Amino acid sequence: DWGSYVNDPSSVPTQCADGSVFASDVPNVTFFAKDYAAPRSLRSNLNWSGPLLNNLFTGNIEATYSRNMNQSGIVDLNFNPVVQFTLPDEAHRPVFVQTTSIVPTTGTIASRDARVSQLFSLVTELRSDLRSDSRQLRFGVSPSTFNSNYSWGVTYVYSNLRERIRGFSNTAGNPLDIEWARSPFDSRHQIQYNLGYNFFDAVRVNWFGNFRSGSPYTPIVQGDINGDGYSNDRAFVYNPATTADPALAAAMQSLLNGSTGGARDCLLKQLGSLAARNSCQGPWTSQATMSLSFNPLKFRMPQRATLSLQVGNPLGAADLLLHGNNNLRGWGQFAFPDPNLLAVRGFDPVTQRYKYDVNQRFGSTLPALTAVRAPVTVTAMMRFDLGPTRERQALTQQ
């Protein structure tokens, strides 16, 4: 009753009025395991470099393998893994609370049925018993001869990063299970390049950039649906052709019709099944930096003075100039696809089925929907050597 709350703040309730199982005032607990240790890694590296094509270019090949140990993870010691029922239209996903502990109108869950002790809520133990493996191949090439007017170099990098993870971070079954999957930082392909040019021996421009393939992400559900107390459940990708709920089927079909690229392909490959961890992949992105340095002699500055400009995210600056602040295309930005596929809107205890809304922006990377952006920065730097020149200092030392 918002009106009475405004008129009389003392009427604001301090506890649930019905005293049902959805009221909880027991504490959460978080602590480190006794054998918790800092992360360690064992790495091996193999490198070759040498001339190519009659010494016209210099090549570099590098292979790196790393086994990363003592990776951190969490375990809820107060979680009771007894399955109370399964969801028939979601590949019989297990639910660890009774149907009476789910609000039919909202789908909100009281997770007390999944607790070993009712004296606590989440009892989170931080462990370091997980690991990950990373592999990387790097191929680089650049000209062998020095040129005062221009310079360039290009490198291709292939990476593969897999990790072991518990279901308390992302689950479709028992949160205690551990599985191997792609890491969310597993961007497989990257092209790095640098370009430099000396304009009239007055201004030297250097451009450093990269093109990076998208990072993986998991289709998830907004809200806790298995009753473990964590909002981390993978979504079931409903097939519009076989879904009993006509509203849900129409919403999924609308999403498939409106989606493009990797998001649509990811859903089509998993129709009628629980989404796999990090089974979707974001789009390619590009970032760059630019520097300009000025020849002090050409600009009649003291020889011991240097002036330079550093431009951070010049691609973002071009996006802003060409398209305006309201129509940005996302140039020079990292892509953060929206992973939310479904949102819980209710529960039917008779059929034991959740009611969902389909997020029509699933997989979207629109800048207007992203709170984190790489800013455009311009930094001017003036440096002047005081006292004896560097040459005289070197002679004095000798």
# chains A, B, ... in the order shown; residues from 1 in each chain; ligands from 1
>>> select_by_dssp(residues="segment 183-250 of chain A", states="alpha helix (DSSP H)", output="list in words")
Pro246, Ala247, Leu248, Ala249 and Ala250 of chain A
>>> residues_around(residues="Gly258 of chain A", least_positions_apart="2", cutoff="12 Å", atoms="only C-alpha atoms", output="list in words")
Ala251, Met252, Gln253, Ser254, Leu255, Leu256, Thr260, Gly261, Ala263, Arg264, Asn359, Gln360, Arg361, Phe362, Gly363 and Ser364 of chain A
>>> select_by_dssp(residues="segment 43-271 of chain A", states="strand (DSSP E or B)", output="ChimeraX atom specification")
/A:43-52,57-76,79,85-87,93-95,102,109,115,123-143,150-166,171,178-182,189-199,203-212,216-217,220-222,233-234,236-237
>>> residues_around(residues="Ser151 of chain A", least_positions_apart="2", cutoff="7 Å", atoms="only C-alpha atoms", output="PyMOL selection string")
chain A and resi 147+195-197
>>> write_last_selection(atoms="C-alpha atoms", output="tab-separated table (two decimals), in the first residue's frame")
chain	number	residue	atom	x	y	z
A	147	ASN	CA	62.91	2.43	-43.12
A	195	LEU	CA	51.52	0.87	-38.68
A	196	GLY	CA	53.86	3.85	-38.64
A	197	TYR	CA	54.50	6.66	-41.10
>>> atom_distance(atom1="atom CA of Leu341 of chain A", atom2="atom CA of Gln84 of chain A")
25.3 Å
>>> residues_around(residues="Asn198 of chain A", least_positions_apart="5", cutoff="8 Å", atoms="only C-alpha atoms", output="PyMOL selection string")
chain A and resi 148-150+203-205
>>> residues_around(residues="segment 269-279 of chain A", least_positions_apart="6", cutoff="6 Å", atoms="only C-alpha atoms", output="list in words")
Pro216, Tyr217, Thr218, Arg234, Ala235, Phe236, Val237, Tyr238 and Asn239 of chain A
>>> write_last_selection(atoms="all heavy atoms", output="tab-separated table (two decimals), in the first residue's frame")
chain	number	residue	atom	x	y	z
A	216	PRO	N	32.88	-16.29	-25.63
A	216	PRO	CA	31.68	-17.10	-25.46
A	216	PRO	C	30.81	-16.64	-24.30
A	216	PRO	O	31.29	-16.01	-23.36
A	216	PRO	CB	32.24	-18.50	-25.21
A	216	PRO	CG	33.59	-18.27	-24.62
A	216	PRO	CD	34.11	-17.00	-25.24
A	217	TYR	N	29.53	-16.97	-24.36
A	217	TYR	CA	28.60	-16.69	-23.27
A	217	TYR	C	27.51	-17.76	-23.25
A	217	TYR	O	27.34	-18.51	-24.21
A	217	TYR	CB	27.99	-15.29	-23.40
A	217	TYR	CG	27.16	-15.05	-24.63
A	217	TYR	CD1	25.77	-15.15	-24.59
A	217	TYR	CD2	27.75	-14.74	-25.85
A	217	TYR	CE1	25.00	-14.94	-25.72
A	217	TYR	CE2	27.00	-14.51	-26.99
A	217	TYR	CZ	25.63	-14.61	-26.92
A	217	TYR	OH	24.86	-14.40	-28.05
A	218	THR	N	26.79	-17.83	-22.14
A	218	THR	CA	25.81	-18.88	-21.91
A	218	THR	C	24.41	-18.31	-21.87
A	218	THR	O	24.16	-17.35	-21.13
A	218	THR	CB	26.10	-19.60	-20.58
A	218	THR	OG1	27.46	-20.03	-20.54
A	218	THR	CG2	25.18	-20.79	-20.39
A	234	ARG	N	21.10	-22.26	-16.48
A	234	ARG	CA	21.10	-22.19	-17.94
A	234	ARG	C	19.67	-22.30	-18.46
A	234	ARG	O	18.83	-22.99	-17.89
A	234	ARG	CB	21.95	-23.31	-18.54
A	234	ARG	CG	23.39	-23.27	-18.11
A	234	ARG	CD	24.15	-24.44	-18.72
A	234	ARG	NE	25.32	-24.76	-17.91
A	234	ARG	CZ	26.00	-25.88	-18.01
A	234	ARG	NH1	25.62	-26.81	-18.88
A	234	ARG	NH2	27.05	-26.11	-17.25
A	235	ALA	N	19.44	-21.67	-19.58
A	235	ALA	CA	18.10	-21.65	-20.15
A	235	ALA	C	17.84	-22.90	-20.97
A	235	ALA	O	18.76	-23.47	-21.57
A	235	ALA	CB	17.91	-20.41	-21.01
A	236	PHE	N	16.58	-23.32	-21.00
A	236	PHE	CA	16.14	-24.34	-21.94
A	236	PHE	C	15.73	-23.62	-23.22
A	236	PHE	O	14.93	-22.69	-23.18
A	236	PHE	CB	14.97	-25.13	-21.36
A	236	PHE	CG	14.52	-26.27	-22.24
A	236	PHE	CD1	15.13	-27.50	-22.15
A	236	PHE	CD2	13.50	-26.09	-23.16
A	236	PHE	CE1	14.72	-28.56	-22.95
A	236	PHE	CE2	13.08	-27.14	-23.96
A	236	PHE	CZ	13.70	-28.38	-23.86
A	237	VAL	N	16.29	-24.05	-24.35
A	237	VAL	CA	16.01	-23.39	-25.62
A	237	VAL	C	14.77	-24.05	-26.22
A	237	VAL	O	14.84	-25.14	-26.82
A	237	VAL	CB	17.21	-23.51	-26.58
A	237	VAL	CG1	16.94	-22.72	-27.86
A	237	VAL	CG2	18.48	-23.01	-25.90
A	238	TYR	N	13.64	-23.40	-26.05
A	238	TYR	CA	12.37	-23.98	-26.50
A	238	TYR	C	12.28	-23.97	-28.02
A	238	TYR	O	12.62	-22.98	-28.68
A	238	TYR	CB	11.20	-23.20	-25.90
A	238	TYR	CG	10.95	-23.51	-24.45
A	238	TYR	CD1	11.54	-22.74	-23.44
A	238	TYR	CD2	10.14	-24.57	-24.07
A	238	TYR	CE1	11.32	-23.02	-22.10
A	238	TYR	CE2	9.91	-24.86	-22.73
A	238	TYR	CZ	10.50	-24.09	-21.76
A	238	TYR	OH	10.29	-24.37	-20.43
A	239	ASN	N	11.79	-25.08	-28.56
A	239	ASN	CA	11.54	-25.21	-29.99
A	239	ASN	C	10.12	-24.74	-30.27
A	239	ASN	O	9.16	-25.34	-29.76
A	239	ASN	CB	11.73	-26.66	-30.43
A	239	ASN	CG	11.66	-26.81	-31.94
A	239	ASN	OD1	11.15	-25.96	-32.66
A	239	ASN	ND2	12.19	-27.92	-32.44
>>> residues_around(residues="segment 294-300 of chain A", least_positions_apart="2", cutoff="12 Å", atoms="only C-alpha atoms", output="number ranges by chain")
A: 198-206, 291-292, 302-310, 380-384
>>> closest_atom_pairs(of="segment 48-97 of chain A", to="segment 117-139 of chain A", cutoff="6 Å", atoms="only C-alpha atoms", output="JSON lines")
{"residue": "A:Asn60", "atom": "CA", "partner": "A:Phe139", "partner_atom": "CA", "distance": 5.8}
{"residue": "A:Ile61", "atom": "CA", "partner": "A:Phe139", "partner_atom": "CA", "distance": 4.7}
{"residue": "A:Glu62", "atom": "CA", "partner": "A:Arg138", "partner_atom": "CA", "distance": 5.0}
{"residue": "A:Ala63", "atom": "CA", "partner": "A:Leu137", "partner_atom": "CA", "distance": 4.6}
{"residue": "A:Thr64", "atom": "CA", "partner": "A:Gln136", "partner_atom": "CA", "distance": 5.2}
{"residue": "A:Tyr65", "atom": "CA", "partner": "A:Arg135", "partner_atom": "CA", "distance": 4.6}
{"residue": "A:Ser66", "atom": "CA", "partner": "A:Ser134", "partner_atom": "CA", "distance": 5.2}
{"residue": "A:Arg67", "atom": "CA", "partner": "A:Asp133", "partner_atom": "CA", "distance": 4.7}
{"residue": "A:Asn68", "atom": "CA", "partner": "A:Ser132", "partner_atom": "CA", "distance": 5.1}
{"residue": "A:Met69", "atom": "CA", "partner": "A:Arg131", "partner_atom": "CA", "distance": 4.6}
{"residue": "A:Asn70", "atom": "CA", "partner": "A:Ser128", "partner_atom": "CA", "distance": 4.5}
{"residue": "A:Gln71", "atom": "CA", "partner": "A:Leu130", "partner_atom": "CA", "distance": 4.7}
{"residue": "A:Ser72", "atom": "CA", "partner": "A:Ser128", "partner_atom": "CA", "distance": 4.3}
{"residue": "A:Gly73", "atom": "CA", "partner": "A:Arg127", "partner_atom": "CA", "distance": 5.3}
{"residue": "A:Ile74", "atom": "CA", "partner": "A:Leu126", "partner_atom": "CA", "distance": 4.8}
{"residue": "A:Val75", "atom": "CA", "partner": "A:Glu125", "partner_atom": "CA", "distance": 5.3}
{"residue": "A:Asp76", "atom": "CA", "partner": "A:Thr124", "partner_atom": "CA", "distance": 4.5}
{"residue": "A:Leu77", "atom": "CA", "partner": "A:Val123", "partner_atom": "CA", "distance": 5.5}
{"residue": "A:Asn78", "atom": "CA", "partner": "A:Val123", "partner_atom": "CA", "distance": 5.4}
>>> closest_residue(among="A:Thr289, A:Ser111, A:Asn210, A:Asn170", to="His189 of chain A", atoms="only C-alpha atoms")
A:Asn210
>>> residues_around(residues="Ala335 of chain A", least_positions_apart="5", cutoff="8 Å", atoms="only C-alpha atoms", output="VMD selection string")
chain A and resid 214 282 to 285 365
>>> write_last_selection(atoms="all heavy atoms", output="CSV table (one decimal), in the first residue's frame")
chain,number,residue,atom,x,y,z
A,214,GLY,N,34.9,-13.0,-31.0
A,214,GLY,CA,34.0,-12.8,-29.9
A,214,GLY,C,34.3,-13.8,-28.8
A,214,GLY,O,34.7,-14.9,-29.0
A,282,GLY,N,30.1,-14.2,-29.0
A,282,GLY,CA,29.9,-12.8,-29.4
A,282,GLY,C,30.5,-12.4,-30.8
A,282,GLY,O,31.3,-13.2,-31.3
A,283,PRO,N,30.3,-11.3,-31.3
A,283,PRO,CA,30.8,-10.9,-32.6
A,283,PRO,C,32.3,-10.4,-32.5
A,283,PRO,O,32.8,-10.2,-31.4
A,283,PRO,CB,29.9,-9.7,-33.0
A,283,PRO,CG,29.5,-9.1,-31.7
A,283,PRO,CD,29.4,-10.2,-30.7
A,284,TRP,N,33.0,-10.3,-33.6
A,284,TRP,CA,34.3,-9.8,-33.7
A,284,TRP,C,34.3,-8.3,-33.2
A,284,TRP,O,33.3,-7.6,-33.5
A,284,TRP,CB,34.9,-9.9,-35.1
A,284,TRP,CG,35.4,-11.3,-35.4
A,284,TRP,CD1,34.6,-12.4,-35.6
A,284,TRP,CD2,36.7,-11.7,-35.6
A,284,TRP,NE1,35.4,-13.5,-35.9
A,284,TRP,CE2,36.7,-13.0,-35.9
A,284,TRP,CE3,38.0,-11.0,-35.6
A,284,TRP,CZ2,37.9,-13.8,-36.2
A,284,TRP,CZ3,39.1,-11.7,-35.8
A,284,TRP,CH2,39.1,-13.1,-36.1
A,285,THR,N,35.4,-7.9,-32.6
A,285,THR,CA,35.5,-6.5,-32.2
A,285,THR,C,36.9,-6.0,-32.6
A,285,THR,O,37.8,-6.8,-32.9
A,285,THR,CB,35.4,-6.3,-30.7
A,285,THR,OG1,36.3,-7.2,-30.0
A,285,THR,CG2,34.0,-6.7,-30.2
A,365,THR,N,24.3,-6.5,-28.7
A,365,THR,CA,25.5,-5.8,-28.3
A,365,THR,C,25.4,-4.3,-28.5
A,365,THR,O,26.4,-3.6,-28.7
A,365,THR,CB,26.8,-6.4,-29.0
A,365,THR,OG1,26.6,-6.3,-30.4
A,365,THR,CG2,27.0,-7.8,-28.6
